[in-house]
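Participant: One structure coming up, written as structure tokens, with questions to follow.
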Amino acid sequence: MTARTGFQMAYLALVTLAIGLPAIVLGLLVPGRNRKGKIFRWVTKSYSRALMPVFGVTLETLGVSRVDRNAPYVFMSNHVSHMDSLALAISIPHPLHWVFKKELSKIPVFGWVLLSLGQIMVDRRSAVQSKAALADAAAALAGNNSVLIYVEGTRSKDGKLQPLKKGGFYIALQAGLPIVPVRVSGTHDIVPSGSLRVRPGHVVVELFDPIPTEGKTENDIPELMARVRDALLS
């Protein structure tokens, strides 16, 4: 481990503790998924803004004018790097409920923040549990509280878009929410797969036009998946 990487890890741990511990307390005290979502929005934006400049990472956001800040959506993003979450937290203006895999809940502080602030935990080994968790989250959304899901289901190791998973599309249909494809570019080179080192670089997050789901059924999922994939590859 280089001195730079060691500094990055130490700074990351310090910021995680400084922001994460109060967030956990707030999450335990404040009731309601939607109120927790607003707190989580503040926590993630503060966390990301504290980390990215120190790591030498700049951010450009495109397409925010394509979405209504007062309306809820299901945001579907590609996923190529640990840096994606920091960039998305800053770029998307809505209170977000992130869909995360069960394994992340075991990470001290980080996982506890996700649990205490009402994020959506799914067990990838149980399709029944995952679908139920997504359905419960959809039923509880109010105001402009939205869902963010990595639509490939896991992080791409080579930076290329993987086959899309259906989970996010089920929640969009059940909640009757439009889908917003979101493409993150540049993060794969900043934190490559299997690396702890954060390299300086420039990240671009682009929001695409919302895709309506009103009147759609599960039979329309292949068409919706194709439209999201086309946007992410455009």
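Order determines the names: the first chain of the structure tokens is A, the second B, and so forth; residues in each chain are numbered 1 upward, and ligands are numbered 1 upward as they are shown.
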Determine which residues of chain A receive a DSSP assignment of helix (DSSP H, G or I), computed from the backbone, and state them as a short mmCIF file (atom, residue, chain, number, x, y, z; two decimals) with C-alpha atoms, in the first residue's frame.

Facilitator:
data_model
loop_
_atom_site.label_atom_id
_atom_site.label_comp_id
_atom_site.auth_asym_id
_atom_site.auth_seq_id
_atom_site.Cartn_x
_atom_site.Cartn_y
_atom_site.Cartn_z
CA ALA A 3 1.46 6.43 1.28
CA ARG A 4 -1.25 8.03 -0.87
CA THR A 5 -3.51 5.00 -0.60
CA GLY A 6 -2.90 4.86 3.15
CA PHE A 7 -3.90 8.50 3.50
CA GLN A 8 -7.02 7.92 1.43
CA MET A 9 -8.08 4.97 3.57
CA ALA A 10 -7.46 6.90 6.80
CA TYR A 11 -9.39 9.93 5.55
CA LEU A 12 -12.24 7.70 4.34
CA ALA A 13 -12.47 6.05 7.77
CA LEU A 14 -12.47 9.42 9.55
CA VAL A 15 -15.22 10.89 7.37
CA THR A 16 -17.26 7.68 7.63
CA LEU A 17 -17.18 7.85 11.42
CA ALA A 18 -17.80 11.61 11.61
CA ILE A 19 -20.86 11.50 9.37
CA GLY A 20 -21.98 7.91 9.80
CA LEU A 21 -22.33 7.67 13.57
CA PRO A 22 -24.67 10.70 13.93
CA ALA A 23 -26.61 9.41 10.91
CA ILE A 24 -27.20 6.07 12.62
CA VAL A 25 -28.52 7.83 15.73
CA LEU A 26 -30.84 9.98 13.62
CA GLY A 27 -32.05 6.92 11.76
CA LEU A 28 -32.95 5.19 15.00
CA LEU A 29 -34.80 8.24 16.35
CA ARG A 33 -39.22 5.69 5.50
CA ASN A 34 -39.79 8.99 3.69
CA ARG A 35 -38.40 11.15 6.51
CA LYS A 36 -35.43 8.81 6.72
CA GLY A 37 -34.98 9.23 2.97
CA LYS A 38 -34.59 12.99 3.31
CA ILE A 39 -31.99 12.50 6.05
CA PHE A 40 -30.18 9.94 3.92
CA ARG A 41 -30.08 12.44 1.07
CA TRP A 42 -28.31 14.98 3.31
CA VAL A 43 -25.95 12.32 4.69
CA THR A 44 -24.91 10.96 1.30
CA LYS A 45 -24.42 14.38 -0.28
CA SER A 46 -22.35 15.58 2.68
CA TYR A 47 -20.30 12.37 2.66
CA SER A 48 -19.65 12.55 -1.08
CA ARG A 49 -18.74 16.24 -1.07
CA ALA A 50 -16.28 15.64 1.76
CA LEU A 51 -14.53 12.82 -0.11
CA VAL A 64 -31.06 17.21 -14.51
CA SER A 65 -33.55 19.46 -16.33
CA ARG A 66 -35.12 16.29 -17.79
CA MET A 83 -17.05 5.88 -6.93
CA ASP A 84 -20.45 5.59 -8.65
CA SER A 85 -22.42 5.96 -5.42
CA LEU A 86 -20.63 9.17 -4.44
CA ALA A 87 -21.24 10.72 -7.85
CA LEU A 88 -24.91 9.68 -7.94
CA ALA A 89 -25.58 11.00 -4.43
CA ILE A 90 -24.50 14.47 -5.52
CA SER A 91 -26.01 14.43 -9.01
CA LYS A 102 -27.71 -7.89 2.10
CA GLU A 103 -23.95 -8.41 2.37
CA LEU A 104 -23.35 -4.64 2.63
CA SER A 105 -25.37 -4.47 5.85
CA LYS A 106 -22.54 -6.30 7.64
CA PHE A 110 -21.55 2.02 6.41
CA GLY A 111 -23.97 -0.90 6.52
CA TRP A 112 -25.56 0.33 9.73
CA VAL A 113 -26.33 3.68 8.10
CA LEU A 114 -28.11 1.90 5.24
CA LEU A 115 -30.20 -0.14 7.69
CA SER A 116 -31.07 2.66 10.12
CA ALA A 127 -36.00 -13.92 -5.23
CA VAL A 128 -39.09 -14.00 -3.00
CA GLN A 129 -37.49 -11.80 -0.31
CA SER A 130 -36.09 -9.39 -2.87
CA LYS A 131 -39.42 -8.95 -4.61
CA ALA A 132 -41.22 -8.45 -1.27
CA ALA A 133 -38.66 -5.85 -0.13
CA LEU A 134 -39.04 -3.92 -3.38
CA ALA A 135 -42.83 -4.10 -3.17
CA ASP A 136 -42.85 -2.80 0.42
CA ALA A 137 -40.59 0.07 -0.55
CA ALA A 138 -42.78 1.00 -3.50
CA ALA A 139 -45.90 1.07 -1.33
CA ALA A 140 -44.26 3.37 1.24
CA GLY A 167 -36.11 -6.20 -10.00
CA GLY A 168 -36.16 -2.45 -10.58
CA PHE A 169 -38.73 -2.80 -13.33
CA TYR A 170 -41.11 -4.65 -11.02
CA ILE A 171 -40.92 -1.85 -8.46
CA ALA A 172 -41.50 0.80 -11.15
CA LEU A 173 -44.59 -1.03 -12.39
CA GLN A 174 -45.99 -1.65 -8.92
CA ALA A 175 -45.51 1.96 -7.85
CA THR A 187 -15.42 6.04 -12.56
CA HIS A 188 -13.95 2.74 -13.76
CA ASP A 189 -10.57 4.35 -14.31
CA ILE A 190 -10.70 6.18 -10.97
CA GLU A 218 -45.10 -7.32 -16.54
CA ASN A 219 -45.48 -8.33 -20.19
CA ASP A 220 -43.96 -4.95 -21.09
CA ILE A 221 -40.80 -5.46 -19.01
CA PRO A 222 -38.67 -6.69 -21.98
CA GLU A 223 -39.56 -3.50 -23.89
CA LEU A 224 -38.77 -1.31 -20.87
CA MET A 225 -35.48 -3.11 -20.34
CA ALA A 226 -34.55 -2.54 -23.97
CA ARG A 227 -35.30 1.18 -23.70
CA VAL A 228 -33.16 1.53 -20.56
CA ARG A 229 -30.32 -0.44 -22.12
CA ASP A 230 -30.47 1.67 -25.29
CA ALA A 231 -30.22 4.85 -23.21
CA LEU A 232 -27.27 3.59 -21.19
CA LEU A 233 -25.43 2.55 -24.36
#

Participant: Applying 8 Å and only C-alpha atoms, which residues near Met76 (chain A) remain after dropping the ones on its own chain fewer than 3 positions away? List them as a list of chain:residue names.

Facilitator: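 Near neighbours after the sequence-gap exclusion: A:Leu148, A:Ile149, A:Tyr150, A:Val151, A:Gly168, A:Ile179, A:Val180, A:Pro181, A:Val182, A:Val228.
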
Participant: Those residues with C-alpha atoms, as a PDB file, in the first residue's frame please?

Facilitator:
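Result went into out-v2.pdb, see below:
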ATOM      1  CA  LEU A 148     -32.139   4.187  -7.030  1.00  0.00           C
ATOM      2  CA  ILE A 149     -31.096   0.779  -8.252  1.00  0.00           C
ATOM      3  CA  TYR A 150     -28.013  -0.501 -10.021  1.00  0.00           C
ATOM      4  CA  VAL A 151     -29.893  -2.097 -12.867  1.00  0.00           C
ATOM      5  CA  GLY A 168     -36.165  -2.447 -10.585  1.00  0.00           C
ATOM      6  CA  ILE A 179     -38.017   5.079 -14.984  1.00  0.00           C
ATOM      7  CA  VAL A 180     -35.026   7.378 -15.418  1.00  0.00           C
ATOM      8  CA  PRO A 181     -31.926   5.759 -16.950  1.00  0.00           C
ATOM      9  CA  VAL A 182     -28.724   7.199 -15.459  1.00  0.00           C
ATOM     10  CA  VAL A 228     -33.161   1.528 -20.558  1.00  0.00           C
TER      11      VAL A 228
END

Participant: Would you return as a PyMOL selection string the members of region 87-159 of chain A that DSSP assigns to strand (DSSP E) on this structure's backbone?

Facilitator: chain A and resi 96-101+120-122+146-150

Participant: Would you save the residues of that selection, restricted to C-alpha atoms, as a short mmCIF file (atom, residue, chain, number, x, y, z; two decimals), in the first residue's frame?

Facilitator:
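Saved file result.cif follows:
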data_model
loop_
_atom_site.label_atom_id
_atom_site.label_comp_id
_atom_site.auth_asym_id
_atom_site.auth_seq_id
_atom_site.Cartn_x
_atom_site.Cartn_y
_atom_site.Cartn_z
CA LEU A 96 -33.23 8.42 -2.63
CA HIS A 97 -33.91 4.94 -1.33
CA TRP A 98 -31.01 2.84 -2.54
CA VAL A 99 -31.45 -0.85 -3.29
CA PHE A 100 -28.48 -2.65 -1.74
CA LYS A 101 -27.42 -6.27 -1.34
CA ILE A 120 -33.95 -1.21 0.63
CA MET A 121 -32.08 -4.42 1.46
CA VAL A 122 -32.42 -7.38 -0.87
CA SER A 146 -37.45 7.98 -5.23
CA VAL A 147 -35.67 4.67 -5.69
CA LEU A 148 -32.14 4.19 -7.03
CA ILE A 149 -31.10 0.78 -8.25
CA TYR A 150 -28.01 -0.50 -10.02
#

Participant: Have a look at CA of Asp209 (chain A) and CA of Leu141 (chain A) and let me know their distance in Å, one decimal.

Facilitator: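 The value is 21.2 Å.
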
Participant: Quote the spacing between CA of Gln119 (chain A) and CA of Val57 (chain A) in Å to one decimal place.

Facilitator: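 Separation between CA of Gln119 (chain A) and CA of Val57 (chain A): 26.1 Å.
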
Participant: Excluding Asn70 (chain A) and its own-chain neighbours fewer than 5 positions away, which residues fall within 10 Å of it when counting only C-alpha atoms? Please give them as a ChimeraX atom specification.

Facilitator: /A:93-94,143-145

Participant: Go through A:Pro108, A:Pro178, A:Pro53, A:Pro31 one by one, measure the shortest atom-to-atom distance of each to Ile211 (chain A) using only C-alpha atoms, and give the residue with the smallest value.

Facilitator: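 Selected residue with least distance to Ile211 (chain A): A:Pro178.
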
Participant: Excluding same-chain residues fewer than 2 positions from Val191 (chain A), what lies within 10 Å of it counting only C-alpha atoms, as a ChimeraX atom specification?

Facilitator: /A:80-84,186-189,193-201

Participant: Create the file for the chosen residues now, containing C-alpha atoms and written as a short mmCIF file (atom, residue, chain, number, x, y, z; two decimals), in the first residue's frame.

Facilitator:
data_model
loop_
_atom_site.label_atom_id
_atom_site.label_comp_id
_atom_site.auth_asym_id
_atom_site.auth_seq_id
_atom_site.Cartn_x
_atom_site.Cartn_y
_atom_site.Cartn_z
CA VAL A 80 -18.66 0.08 -12.67
CA SER A 81 -16.91 1.43 -9.56
CA HIS A 82 -17.16 2.22 -5.85
CA MET A 83 -17.05 5.88 -6.93
CA ASP A 84 -20.45 5.59 -8.65
CA GLY A 186 -15.25 7.82 -15.92
CA THR A 187 -15.42 6.04 -12.56
CA HIS A 188 -13.95 2.74 -13.76
CA ASP A 189 -10.57 4.35 -14.31
CA SER A 193 -12.23 -3.37 -9.91
CA GLY A 194 -10.16 -5.00 -7.17
CA SER A 195 -8.29 -1.81 -6.29
CA LEU A 196 -8.42 0.30 -3.12
CA ARG A 197 -6.56 3.24 -4.61
CA VAL A 198 -8.58 6.24 -5.78
CA ARG A 199 -7.00 7.95 -8.77
CA PRO A 200 -7.77 11.57 -9.69
CA GLY A 201 -10.20 11.89 -12.57
#

Participant: Quick one: pull the distance between CA of Asp123 (chain A) and CA of Phe75 (chain A), Å, one decimal.

Facilitator: 20.0 Å
